[in-house]
Structure formats: structure tokens, C-alpha cells
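Data block for data.cif (mmCIF, C-alpha atoms):
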```cif
data_start
#
loop_
_atom_site.group_PDB
_atom_site.id
_atom_site.type_symbol
_atom_site.label_atom_id
_atom_site.label_comp_id
_atom_site.auth_asym_id
_atom_site.auth_seq_id
_atom_site.Cartn_x
_atom_site.Cartn_y
_atom_site.Cartn_z
ATOM 1 C CA MET A 222 206.612 -36.516 -20.239
ATOM 2 C CA GLU A 223 204.678 -33.400 -19.189
ATOM 3 C CA THR A 224 203.781 -32.929 -15.556
ATOM 4 C CA LYS A 225 200.002 -32.647 -15.157
ATOM 5 C CA LEU A 226 198.756 -30.463 -12.358
ATOM 6 C CA THR A 227 195.895 -30.304 -9.951
ATOM 7 C CA GLU A 228 194.071 -26.982 -9.793
ATOM 8 C CA GLN A 229 195.756 -26.102 -6.484
ATOM 9 C CA GLU A 230 199.165 -26.900 -7.948
ATOM 10 C CA SER A 231 198.424 -24.660 -10.939
ATOM 11 C CA LEU A 232 197.626 -21.790 -8.634
ATOM 12 C CA ALA A 233 200.778 -22.438 -6.613
ATOM 13 C CA VAL A 234 202.916 -22.352 -9.791
ATOM 14 C CA ILE A 235 201.326 -19.065 -10.872
ATOM 15 C CA ASN A 236 201.841 -17.454 -7.457
ATOM 16 C CA GLU A 237 205.409 -18.650 -7.142
ATOM 17 C CA MET A 238 206.453 -17.437 -10.588
ATOM 18 C CA ILE A 239 204.773 -14.060 -10.195
ATOM 19 C CA ASP A 240 206.430 -13.657 -6.804
ATOM 20 C CA ARG A 241 209.831 -14.535 -8.297
ATOM 21 C CA ALA A 242 209.393 -12.027 -11.104
ATOM 22 C CA ARG A 243 208.340 -9.321 -8.654
ATOM 23 C CA ASN A 244 211.205 -9.852 -6.202
ATOM 24 C CA ASN A 245 213.884 -10.276 -8.812
ATOM 25 C CA PHE A 246 216.892 -8.078 -8.073
ATOM 26 C CA ARG A 247 219.461 -8.568 -10.774
ATOM 27 C CA LYS A 248 223.184 -8.680 -10.085
ATOM 28 C CA GLY A 249 224.555 -5.164 -10.082
ATOM 29 C CA SER A 250 221.150 -3.522 -9.564
ATOM 30 C CA GLY A 251 222.689 -0.913 -7.276
ATOM 31 C CA ASN A 252 225.545 0.082 -9.581
ATOM 32 C CA SER A 253 223.749 3.134 -10.977
ATOM 33 C CA MET A 254 223.169 4.509 -7.485
ATOM 34 C CA ILE A 255 226.805 3.942 -6.550
ATOM 35 C CA TYR A 256 228.004 5.501 -9.807
ATOM 36 C CA TRP A 257 225.940 8.685 -9.519
ATOM 37 C CA GLY A 258 226.420 8.962 -5.761
ATOM 38 C CA CYS A 259 230.214 8.842 -6.104
ATOM 39 C CA TRP A 260 230.324 11.297 -9.005
ATOM 40 C CA CYS A 261 228.094 13.784 -7.212
ATOM 41 C CA ALA A 262 229.907 13.471 -3.872
ATOM 42 C CA PHE A 263 233.274 13.934 -5.596
ATOM 43 C CA SER A 264 232.043 16.960 -7.556
ATOM 44 C CA ALA A 265 230.537 18.558 -4.427
ATOM 45 C CA LEU A 266 233.749 18.065 -2.442
ATOM 46 C CA LEU A 267 235.815 19.426 -5.327
ATOM 47 C CA VAL A 268 233.624 22.543 -5.505
ATOM 48 C CA PHE A 269 233.986 22.994 -1.734
ATOM 49 C CA ILE A 270 237.797 22.726 -1.921
ATOM 50 C CA LEU A 271 238.022 25.070 -4.910
ATOM 51 C CA LEU A 272 235.781 27.640 -3.210
ATOM 52 C CA LYS A 273 238.215 27.735 -0.315
ATOM 53 C CA THR A 274 241.407 27.738 -2.403
ATOM 54 C CA LEU A 275 240.805 29.686 -5.620
ATOM 55 C CA SER A 276 241.542 33.392 -5.745
ATOM 56 C CA ASN A 277 238.338 33.784 -7.791
ATOM 57 C CA PRO A 278 235.892 31.426 -5.989
ATOM 58 C CA THR A 279 233.144 31.730 -8.617
ATOM 59 C CA GLN A 280 235.331 29.676 -10.988
ATOM 60 C CA ALA A 281 234.824 26.721 -8.629
ATOM 61 C CA PHE A 282 231.347 26.087 -10.033
ATOM 62 C CA TRP A 283 232.761 24.972 -13.363
ATOM 63 C CA ALA A 284 233.581 21.725 -11.514
ATOM 64 C CA TRP A 285 229.870 20.855 -11.785
ATOM 65 C CA TRP A 286 230.414 20.122 -15.464
ATOM 66 C CA LEU A 287 231.903 16.846 -14.196
ATOM 67 C CA MET A 288 228.277 15.764 -13.715
ATOM 68 C CA ALA A 289 227.621 16.336 -17.418
ATOM 69 C CA LEU A 290 230.688 14.195 -18.171
ATOM 70 C CA ALA A 291 229.268 11.533 -15.849
ATOM 71 C CA GLY A 292 226.038 11.664 -17.852
ATOM 72 C CA VAL A 293 227.816 11.131 -21.150
ATOM 73 C CA ILE A 294 229.808 8.189 -19.783
ATOM 74 C CA ASP A 295 226.649 6.708 -18.260
ATOM 75 C CA PHE A 296 224.844 6.975 -21.600
ATOM 76 C CA PHE A 297 227.391 4.644 -23.217
ATOM 77 C CA ILE A 298 227.440 2.300 -20.225
ATOM 78 C CA GLN A 299 223.632 1.973 -20.258
ATOM 79 C CA ARG A 300 223.571 1.415 -23.996
ATOM 80 C CA LYS A 301 225.958 -1.508 -23.622
ATOM 81 C CA LYS A 302 224.090 -2.871 -20.574
ATOM 82 C CA LYS A 303 220.768 -2.784 -22.427
ATOM 83 C CA LYS A 304 222.020 -5.563 -24.695
ATOM 84 C CA GLU A 305 222.875 -7.746 -21.686
ATOM 85 C CA ILE A 306 219.675 -7.360 -19.681
ATOM 86 C CA LEU A 307 217.990 -10.718 -19.036
ATOM 87 C CA VAL A 308 214.617 -9.405 -17.949
ATOM 88 C CA ARG A 309 212.771 -6.127 -18.090
ATOM 89 C CA THR A 310 209.616 -5.361 -16.140
ATOM 90 C CA GLN A 311 206.983 -2.676 -16.479
ATOM 91 C CA ILE A 312 208.192 -1.231 -13.176
ATOM 92 C CA ASP A 313 211.713 -0.907 -14.618
ATOM 93 C CA ASN A 314 210.248 1.254 -17.390
ATOM 94 C CA ILE A 315 208.326 3.415 -14.935
ATOM 95 C CA ILE A 316 211.347 3.953 -12.670
ATOM 96 C CA ASP A 317 213.471 4.786 -15.720
ATOM 97 C CA SER A 318 210.893 7.433 -16.574
ATOM 98 C CA VAL A 319 210.981 8.818 -13.015
ATOM 99 C CA TRP A 320 214.739 9.375 -13.179
ATOM 100 C CA ARG A 321 214.631 10.727 -16.728
ATOM 101 C CA SER A 322 212.009 13.251 -15.633
ATOM 102 C CA TYR A 323 214.244 14.128 -12.658
ATOM 103 C CA LEU A 324 217.097 14.822 -15.068
ATOM 104 C CA PHE A 325 214.808 17.030 -17.143
ATOM 105 C CA PHE A 326 213.670 18.808 -13.976
ATOM 106 C CA CYS A 327 217.296 19.456 -12.943
ATOM 107 C CA CYS A 328 218.196 20.988 -16.288
ATOM 108 C CA LEU A 329 215.068 23.123 -16.331
ATOM 109 C CA PHE A 330 215.444 24.200 -12.699
ATOM 110 C CA LEU A 331 219.106 25.148 -13.107
ATOM 111 C CA GLY A 332 218.258 27.111 -16.239
ATOM 112 C CA ILE A 333 215.542 29.010 -14.384
ATOM 113 C CA ILE A 334 217.794 29.722 -11.384
ATOM 114 C CA PHE A 335 220.649 30.974 -13.556
ATOM 115 C CA ALA A 336 218.300 33.088 -15.665
ATOM 116 C CA PHE A 337 216.809 34.747 -12.579
ATOM 117 C CA GLY A 338 220.224 35.030 -10.904
ATOM 118 C CA ILE A 339 221.738 36.845 -13.867
ATOM 119 C CA VAL A 340 218.725 39.010 -14.692
ATOM 120 C CA LEU A 341 218.060 40.009 -11.091
ATOM 121 C CA ASN A 342 221.810 40.124 -10.292
ATOM 122 C CA ASP A 343 220.977 38.225 -7.134
ATOM 123 C CA GLY A 344 223.551 35.743 -5.809
ATOM 124 C CA TYR A 345 221.269 34.534 -3.014
ATOM 125 C CA ILE A 346 218.990 32.719 -5.440
ATOM 126 C CA PHE A 347 221.763 30.179 -6.076
ATOM 127 C CA TRP A 348 221.464 29.030 -2.459
ATOM 128 C CA LEU A 349 218.230 27.318 -3.469
ATOM 129 C CA ILE A 350 219.970 24.882 -5.805
ATOM 130 C CA THR A 351 221.296 22.288 -3.366
ATOM 131 C CA PRO A 352 218.218 21.999 -1.099
ATOM 132 C CA VAL A 353 215.829 21.817 -4.066
ATOM 133 C CA ILE A 354 217.968 19.248 -5.910
ATOM 134 C CA LEU A 355 218.205 17.139 -2.739
ATOM 135 C CA SER A 356 214.436 17.357 -2.239
ATOM 136 C CA ALA A 357 213.817 16.191 -5.803
ATOM 137 C CA VAL A 358 216.333 13.344 -5.490
ATOM 138 C CA GLY A 359 214.562 12.300 -2.304
ATOM 139 C CA MET A 360 211.277 12.184 -4.171
ATOM 140 C CA GLY A 361 212.743 10.027 -6.929
ATOM 141 C CA GLU A 362 214.299 7.691 -4.384
ATOM 142 C CA PHE A 363 211.038 7.460 -2.431
ATOM 143 C CA ILE A 364 209.121 6.408 -5.548
ATOM 144 C CA THR A 365 211.860 3.886 -6.405
ATOM 145 C CA ALA A 366 211.732 2.524 -2.846
ATOM 146 C CA LYS A 367 207.985 1.946 -3.096
ATOM 147 C CA ALA A 368 208.175 0.432 -6.571
ATOM 148 C CA TYR A 369 210.941 -2.038 -5.712
ATOM 149 C CA ARG A 370 209.949 -2.449 -2.063
ATOM 150 C CA PHE A 371 213.510 -1.909 -0.934
ATOM 151 C CA LYS A 372 213.573 -0.152 2.428
ATOM 152 C CA TRP A 373 217.130 1.205 2.103
ATOM 153 C CA TYR A 374 215.994 3.444 -0.755
ATOM 154 C CA LEU A 375 213.350 4.794 1.604
ATOM 155 C CA TYR A 376 216.038 5.581 4.178
ATOM 156 C CA GLY A 377 218.018 7.182 1.349
ATOM 157 C CA ALA A 378 215.054 9.427 0.553
ATOM 158 C CA ILE A 379 214.852 10.468 4.207
ATOM 159 C CA VAL A 380 218.593 11.249 4.152
ATOM 160 C CA MET A 381 218.088 13.481 1.102
ATOM 161 C CA TRP A 382 215.162 15.350 2.631
ATOM 162 C CA THR A 383 217.015 15.765 5.905
ATOM 163 C CA GLY A 384 219.980 17.079 3.949
ATOM 164 C CA ALA A 385 217.764 19.581 2.157
ATOM 165 C CA ALA A 386 216.431 20.888 5.463
ATOM 166 C CA LEU A 387 219.939 21.012 6.939
ATOM 167 C CA CYS A 388 221.197 23.012 3.950
ATOM 168 C CA VAL A 389 218.608 25.688 4.595
ATOM 169 C CA ALA A 390 219.067 25.682 8.371
ATOM 170 C CA ILE A 391 222.873 25.821 8.351
ATOM 171 C CA THR A 392 223.068 28.363 5.539
ATOM 172 C CA LEU A 393 220.799 30.726 7.430
ATOM 173 C CA TRP A 394 222.406 29.959 10.832
ATOM 174 C CA THR A 395 226.030 30.456 9.742
ATOM 175 C CA THR A 396 225.255 34.031 8.737
ATOM 176 C CA HIS A 397 224.507 33.234 5.118
ATOM 177 C CA SER A 398 227.481 31.047 4.328
ATOM 178 C CA VAL A 399 226.684 28.585 1.565
ATOM 179 C CA PHE A 400 229.921 26.543 1.812
ATOM 180 C CA PHE A 401 228.509 23.836 4.068
ATOM 181 C CA GLN A 402 225.822 22.951 1.530
ATOM 182 C CA PHE A 403 228.426 21.155 -0.562
ATOM 183 C CA LEU A 404 229.622 19.080 2.383
ATOM 184 C CA ILE A 405 226.009 18.179 3.185
ATOM 185 C CA LEU A 406 225.417 17.266 -0.465
ATOM 186 C CA ALA A 407 228.490 15.007 -0.520
ATOM 187 C CA ALA A 408 227.434 13.323 2.751
ATOM 188 C CA CYS A 409 223.877 12.808 1.477
ATOM 189 C CA MET A 410 225.131 11.247 -1.732
ATOM 190 C CA LEU A 411 227.368 8.823 0.142
ATOM 191 C CA LEU A 412 224.779 7.894 2.773
ATOM 192 C CA GLY A 413 221.648 8.177 0.651
ATOM 193 C CA PHE A 414 222.823 6.867 -2.728
ATOM 194 C CA VAL A 415 226.078 4.944 -2.488
ATOM 195 C CA LEU A 416 225.212 3.026 0.682
ATOM 196 C CA PRO A 417 221.735 1.881 -0.479
ATOM 197 C CA GLY A 418 223.236 0.977 -3.853
ATOM 198 C CA TYR A 419 225.867 -1.169 -2.156
ATOM 199 C CA LEU A 420 223.216 -2.850 -0.004
ATOM 200 C CA LEU A 421 221.043 -3.527 -3.044
ATOM 201 C CA ASN A 422 223.993 -5.195 -4.748
ATOM 202 C CA LYS A 423 224.502 -7.374 -1.678
ATOM 203 C CA LYS A 424 220.834 -8.354 -1.753
ATOM 204 C CA SER A 425 220.879 -9.125 -5.473
ATOM 205 C CA ASP A 426 224.004 -11.258 -5.026
ATOM 206 C CA SER A 427 222.049 -13.390 -2.571
ATOM 207 C CA HIS A 428 219.254 -13.777 -5.151
ATOM 208 C CA VAL A 429 221.568 -15.004 -7.929
ATOM 209 C CA MET B 137 179.832 -24.994 -13.428
ATOM 210 C CA PHE B 138 183.418 -26.147 -14.104
ATOM 211 C CA LYS B 139 185.113 -24.581 -17.115
ATOM 212 C CA GLU B 140 187.548 -26.607 -19.168
ATOM 213 C CA LEU B 141 191.188 -25.790 -18.476
ATOM 214 C CA ASN B 142 193.290 -24.873 -21.495
ATOM 215 C CA PRO B 143 195.452 -27.989 -22.051
ATOM 216 C CA LEU B 144 198.276 -25.867 -23.467
ATOM 217 C CA LEU B 145 198.547 -23.938 -20.210
ATOM 218 C CA HIS B 146 197.642 -26.791 -17.902
ATOM 219 C CA SER B 147 201.217 -28.047 -17.773
ATOM 220 C CA GLN B 148 203.744 -27.128 -15.096
ATOM 221 C CA LEU B 149 206.537 -25.704 -17.224
ATOM 222 C CA ARG B 150 204.356 -23.917 -19.778
ATOM 223 C CA LEU B 151 202.275 -22.421 -16.983
ATOM 224 C CA ALA B 152 205.466 -21.300 -15.202
ATOM 225 C CA ILE B 153 206.731 -19.664 -18.414
ATOM 226 C CA MET B 154 203.458 -17.845 -18.970
ATOM 227 C CA SER B 155 203.282 -16.746 -15.314
ATOM 228 C CA LEU B 156 206.756 -15.244 -15.533
ATOM 229 C CA LEU B 157 206.116 -13.533 -18.853
ATOM 230 C CA ILE B 158 202.815 -12.049 -17.680
ATOM 231 C CA SER B 159 204.762 -10.306 -14.892
ATOM 232 C CA VAL B 160 207.520 -8.826 -17.034
ATOM 233 C CA GLU B 161 207.824 -6.912 -20.259
ATOM 234 C CA GLU B 162 210.360 -9.291 -21.761
ATOM 235 C CA ALA B 163 212.654 -12.043 -20.531
ATOM 236 C CA ASP B 164 215.738 -13.769 -21.826
ATOM 237 C CA PHE B 165 215.891 -17.551 -22.257
ATOM 238 C CA VAL B 166 218.565 -17.707 -19.537
ATOM 239 C CA TYR B 167 216.290 -15.909 -17.079
ATOM 240 C CA LEU B 168 213.398 -18.278 -17.805
ATOM 241 C CA LYS B 169 215.712 -21.266 -17.380
ATOM 242 C CA ASP B 170 217.032 -19.955 -14.038
ATOM 243 C CA GLU B 171 213.610 -19.180 -12.627
ATOM 244 C CA THR B 172 211.827 -22.344 -13.804
ATOM 245 C CA GLY B 173 214.733 -24.703 -13.151
ATOM 246 C CA ALA B 174 214.043 -26.417 -16.461
ATOM 247 C CA THR B 175 216.643 -27.953 -18.766
ATOM 248 C CA SER B 176 217.524 -26.011 -21.909
ATOM 249 C CA GLY B 177 216.049 -28.665 -24.179
ATOM 250 C CA ASN B 178 212.731 -28.923 -22.367
ATOM 251 C CA LEU B 179 212.422 -25.154 -22.075
ATOM 252 C CA SER B 180 213.082 -24.717 -25.806
ATOM 253 C CA VAL B 181 210.373 -27.247 -26.664
ATOM 254 C CA GLN B 182 207.773 -25.584 -24.436
ATOM 255 C CA ILE B 183 208.641 -22.089 -25.683
ATOM 256 C CA GLU B 184 208.211 -23.378 -29.240
ATOM 257 C CA LYS B 185 204.758 -24.767 -28.407
ATOM 258 C CA LEU B 186 203.648 -21.512 -26.824
ATOM 259 C CA SER B 187 205.037 -19.546 -29.738
ATOM 260 C CA GLU B 188 203.250 -21.724 -32.304
ATOM 261 C CA ALA B 189 199.998 -21.131 -30.432
ATOM 262 C CA GLY B 190 200.596 -17.389 -30.654
ATOM 263 C CA TYR B 191 200.752 -17.023 -26.860
ATOM 264 C CA ILE B 192 204.276 -15.628 -26.809
ATOM 265 C CA SER B 193 206.566 -13.916 -29.276
ATOM 266 C CA VAL B 194 210.169 -15.014 -29.579
ATOM 267 C CA THR B 195 212.949 -12.788 -30.850
ATOM 268 C CA LYS B 196 216.361 -14.247 -31.619
ATOM 269 C CA THR B 197 219.320 -11.849 -31.575
ATOM 270 C CA PHE B 198 223.012 -11.967 -30.886
ATOM 271 C CA LYS B 199 225.085 -10.586 -28.050
ATOM 272 C CA GLY B 200 228.452 -10.546 -29.736
ATOM 273 C CA LYS B 201 228.742 -14.111 -31.050
ATOM 274 C CA MET B 202 226.369 -15.578 -28.433
ATOM 275 C CA PRO B 203 222.774 -16.127 -29.505
ATOM 276 C CA ARG B 204 220.057 -14.574 -27.368
ATOM 277 C CA THR B 205 216.401 -15.550 -27.232
ATOM 278 C CA ILE B 206 213.996 -12.964 -25.871
ATOM 279 C CA CYS B 207 210.412 -13.881 -25.064
ATOM 280 C CA ARG B 208 207.406 -11.653 -24.597
ATOM 281 C CA ILE B 209 203.834 -12.563 -23.885
ATOM 282 C CA ALA B 210 201.489 -11.818 -26.793
ATOM 283 C CA PRO B 211 197.993 -10.328 -26.476
ATOM 284 C CA LYS B 212 196.540 -13.743 -27.342
ATOM 285 C CA GLY B 213 198.636 -15.197 -24.522
ATOM 286 C CA VAL B 214 197.387 -12.599 -22.037
ATOM 287 C CA THR B 215 193.790 -13.453 -22.959
ATOM 288 C CA ALA B 216 194.444 -17.187 -22.713
ATOM 289 C CA PHE B 217 196.161 -16.786 -19.328
ATOM 290 C CA ASP B 218 193.327 -14.645 -18.039
ATOM 291 C CA GLU B 219 190.749 -17.227 -19.168
ATOM 292 C CA TYR B 220 192.814 -20.016 -17.633
ATOM 293 C CA VAL B 221 192.931 -18.256 -14.249
ATOM 294 C CA LYS B 222 189.158 -17.619 -14.371
ATOM 295 C CA ALA B 223 188.560 -21.267 -15.234
ATOM 296 C CA LEU B 224 190.819 -22.282 -12.308
ATOM 297 C CA GLN B 225 188.709 -20.203 -9.980
ATOM 298 C CA THR B 226 185.596 -22.265 -10.836
ATOM 299 C CA TYR B 227 187.421 -25.326 -9.484
ATOM 300 C CA ILE B 228 188.806 -23.695 -6.379
ATOM 301 C CA THR B 229 185.888 -21.535 -5.167
#
```
Could you quickly redo this structure as C-alpha cells?
Amino acid sequence: METKLTEQESLAVINEMIDRARNNFRKGSGNSMIYWGCWCAFSALLVFILLKTLSNPTQAFWAWWLMALAGVIDFFIQRKKKKEILVRTQIDNIIDSVWRSYLFFCCLFLGIIFAFGIVLNDGYIFWLITPVILSAVGMGEFITAKAYRFKWYLYGAIVMWTGAALCVAITLWTTHSVFFQFLILAACMLLGFVLPGYLLNKKSDSHV
Amino acid sequence: MFKELNPLLHSQLRLAIMSLLISVEEADFVYLKDETGATSGNLSVQIEKLSEAGYISVTKTFKGKMPRTICRIAPKGVTAFDEYVKALQTYIT
């Protein structure tokens, strides 16, 4: 037998269901953040170690190709996950677009920096990479924080922007040494990506 | 002046289904069952009714050997939901 409703009850059902759909954090929602945060932190630390240990330090930057490997692996993981997703919202699509555009920005920005660096034969231009990348990540995380109303992403964005400012300050202060940028990048990834991702997973576990 | 409430939507479970689907792009049967707290049988019946009315579209696929049912609200369903909410407002205001 169907349950008939009063008008107030109808409105209550509508509000409750819309609220549930809006606040739905699925199990494992933070896994992407943890994945990318760990890969980036590891790559940054590896570059830092190689810069200090290799006889030809410029070879250290090949370690960044680990991020491309991470991208390829993630592509296959996401393709498999897509088949298992129980619900997809319009906000999910928008946030996907934000991070895809960030990826495009990274590729374009790095291409521009390398082109200018090689043409102008100017090594200093490469110092811009880490602070600009961190600033852009912060922007993406800020938008994600607002869309999902998850405050830890907002704190993550602040960590990224603080890291960007620190990169510039320390690089200029330590008489133009760029080494510390990689330590700052690794720290930002752990505090600003991995930690919020872990906390989001904890929150989504309580929802399930 | 009170407007007549759509009898197809003026039912707790069907209204809950439509309210969820209006908020998302698509939803799996399991998700709808978890959020509405309905039994599988009852949920299937109500989804069928909404689908027959053209309010939602239902896609059946497989995840490995497990069947999957994915629901999306249809344009006709969006219009009907919108009209239902407006009709509700004539009773409440």
C-alpha cells in the first residue's frame, strides 16, 4: 500500500532527499587526493635527493616523468572505477573539468617555461615552476572545497598558497638556491593533499 | 487557488526517488535503495511506474556478471517535478 502524504510531508521528503544527495560523500572519495599527493611528494623528494647526489644534477629532473607514469596508471584506475560509481552529480562533472583544465594548464605552462628557458638560455626561469604549480593547485583545491563544502580542502588550498609564497621567499633568501622548493613541494603535497584526502575518506566512511 | 497534485508524484517513495534524481546526474539502484530505505521489490515497482510515465530513464547494464540499473531523470520528469513543487506551494503559502 502506498503511503499518502500531506503537503508538509511532501516538502519534508523533497528537502531531505535533496540534502542527502548534496552531502553524499562516497566511500573512498579522498583516494585521488591521497594518490596524487603521495606520487608528487615522492617525486619531489627523489628530485631533491638526486640533485644532491648526482654528479650531473640536471639529470635529476628526469625523475618528474614519474608523474606522467602516475597519470597513465590513474587513467586505468579511473576507467575501472567509472563502472562502479553508484551516483554522479553535476558538481562531480564540474570538479572533474576543473582538474582536467589544471592538467592542461600544467602541460602548457611547463612547455612555455622550457621553451623560454632553452631559447633564452636562462636557468632562473625554471624557479617559477614550483610556486606557480602550487598556486594553481591551490586554486583547484579552493574551488573543490567550495563545491563540496569540505573545509579541509580549503585548508589544503591555503597550504598550497603558503607553500608557493615560501618557495619564492626562501629561494631568494638563500642566495638563489632552488633546492628547498622541492622539500616545500613535498610538504605541501602531504599536508595539503594527502591529509585532506585521508580526512575526507574518514568522513565518507561515517556516511556509509 | 489550490492546484491538483500529480498523483504519480504524490507518494512518499516515488517523490523520494524523483527528489534524489533531480539532484544528481545519474544514480544506481543500490544508491536509491540506500538513500530511500526502501525494499528492492518496492523500489523496482516504483521505478517501473516512473519509467512508464516517462519521468525517468532506466538503463540496465552489467558490472562483470552483476546486473546494474542506472536511473536518470527525464526532461518530462523535471517538468512534472517542477509543476508538483509549484502546486505544493499553493497549499503551503
- Message: Env of region 153-161 of chain B: 10 Å cut, atoms = only C-alpha atoms, seq-sep filter 4 positions within chain, self excluded. Answer as an MDAnalysis selection string.
- Response: (chainID A and resid 234:243 308:314) or (chainID B and resid 145 148:149 167:169 171:172 179 182:183 186 191:192 207:210 213:214 216:218)
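Candidate residues A:Ile364, A:Leu406, A:Val340, A:Ala390 were compared for distance to Ala378 (chain A), and the nearest is A:Ile364, using all atoms listed in the file.
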Taking all atoms of region 213-228 of chain B that the file lists and extending 5 Å past them on each side, where is the centre of the axis-aligned box and how long are its edges? Answer in Å to one decimal, as JSON.
```
{"center_x": 192.1, "center_y": -19.0, "center_z": -15.5, "size_x": 23.0, "size_y": 22.7, "size_z": 28.1}
```
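Within 12 Å of Pro143 (chain B), once all atoms listed in the file are used and residues closer than 4 positions along the same chain are dropped, the contacting residues are Glu223, Thr224, Lys225, Leu226 and Ser231 of chain A; Lys139, Ser147, Gln148, Arg150, Leu151, Lys185, Leu186, Ala189, Ala216, Phe217, Tyr220 and Ala223 of chain B.
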- Task: Decode the PyMOL selection byres ((chain A and resi 409) around 10) for the given file into explicit residues and return them as a list of chain:residue names.
- Result: A:Gly258, A:Cys261, A:Ala262, A:Leu355, A:Gly377, A:Ala378, A:Ile379, A:Val380, A:Met381, A:Trp382, A:Thr383, A:Gly384, A:Ala385, A:Phe403, A:Leu404, A:Ile405, A:Leu406, A:Ala407, A:Ala408, A:Met410, A:Leu411, A:Leu412, A:Gly413, A:Phe414, A:Val415, A:Leu416
Generate a file of the selected residues that holds C-alpha atoms, formatted as a PDB file, in the coordinates of the input.
```pdb
ATOM      1  CA  GLY A 258     226.420   8.962  -5.761  1.00  0.00           C
ATOM      2  CA  CYS A 261     228.094  13.784  -7.212  1.00  0.00           C
ATOM      3  CA  ALA A 262     229.907  13.471  -3.872  1.00  0.00           C
ATOM      4  CA  LEU A 355     218.205  17.139  -2.739  1.00  0.00           C
ATOM      5  CA  GLY A 377     218.018   7.182   1.349  1.00  0.00           C
ATOM      6  CA  ALA A 378     215.054   9.427   0.553  1.00  0.00           C
ATOM      7  CA  ILE A 379     214.852  10.468   4.207  1.00  0.00           C
ATOM      8  CA  VAL A 380     218.593  11.249   4.152  1.00  0.00           C
ATOM      9  CA  MET A 381     218.088  13.481   1.102  1.00  0.00           C
ATOM     10  CA  TRP A 382     215.162  15.350   2.631  1.00  0.00           C
ATOM     11  CA  THR A 383     217.015  15.765   5.905  1.00  0.00           C
ATOM     12  CA  GLY A 384     219.980  17.079   3.949  1.00  0.00           C
ATOM     13  CA  ALA A 385     217.764  19.581   2.157  1.00  0.00           C
ATOM     14  CA  PHE A 403     228.426  21.155  -0.562  1.00  0.00           C
ATOM     15  CA  LEU A 404     229.622  19.080   2.383  1.00  0.00           C
ATOM     16  CA  ILE A 405     226.009  18.179   3.185  1.00  0.00           C
ATOM     17  CA  LEU A 406     225.417  17.266  -0.465  1.00  0.00           C
ATOM     18  CA  ALA A 407     228.490  15.007  -0.520  1.00  0.00           C
ATOM     19  CA  ALA A 408     227.434  13.323   2.751  1.00  0.00           C
ATOM     20  CA  MET A 410     225.131  11.247  -1.732  1.00  0.00           C
ATOM     21  CA  LEU A 411     227.368   8.823   0.142  1.00  0.00           C
ATOM     22  CA  LEU A 412     224.779   7.894   2.773  1.00  0.00           C
ATOM     23  CA  GLY A 413     221.648   8.177   0.651  1.00  0.00           C
ATOM     24  CA  PHE A 414     222.823   6.867  -2.728  1.00  0.00           C
ATOM     25  CA  VAL A 415     226.078   4.944  -2.488  1.00  0.00           C
ATOM     26  CA  LEU A 416     225.212   3.026   0.682  1.00  0.00           C
TER      27      LEU A 416
END
```
- Query: Got a sec: who's within 9 Å of region 322-325 of chain A, counting only C-alpha atoms, leaving out chain neighbours fewer than 4 positions off, as a PyMOL selection string?
  - Reply: chain A and resi 317-318+329-330+357-358+361
- Which residues, written as a list in words, have at least one atom at most 12 Å from Ile350 (chain A), with only C-alpha atoms counted and residues fewer than 2 positions away on the same chain left out? Phe326, Cys327, Cys328, Leu329, Phe330, Leu331, Gly332, Ile333, Ile334, Phe335, Gly338, Gly344, Tyr345, Ile346, Phe347, Trp348, Pro352, Val353, Ile354, Leu355, Ser356, Ala357, Ala385, Cys388, Val389, Val399, Gln402, Phe403 and Leu406 of chain A
- Task: Find, counting only C-alpha atoms, the residue in B:Phe138, B:Pro211, B:Val166, B:Glu188 that gets nearest to chain A.
- Result: B:Val166
- Counting only C-alpha atoms, which of A:Cys259, A:Ile315, A:Ala336, A:Ala284 gets nearest to Gly418 (chain A)? A:Cys259
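Distances from B:Lys196, B:Arg204, B:Glu219, B:Thr175 to chain A were compared using only C-alpha atoms, and the smallest one belongs to B:Arg204.
Among A:Leu375, A:Leu307, A:Met360, A:Ile391, the residue with the shortest atom-to-atom distance to Asp170 (chain B), counting all atoms listed in the file, is A:Leu307.
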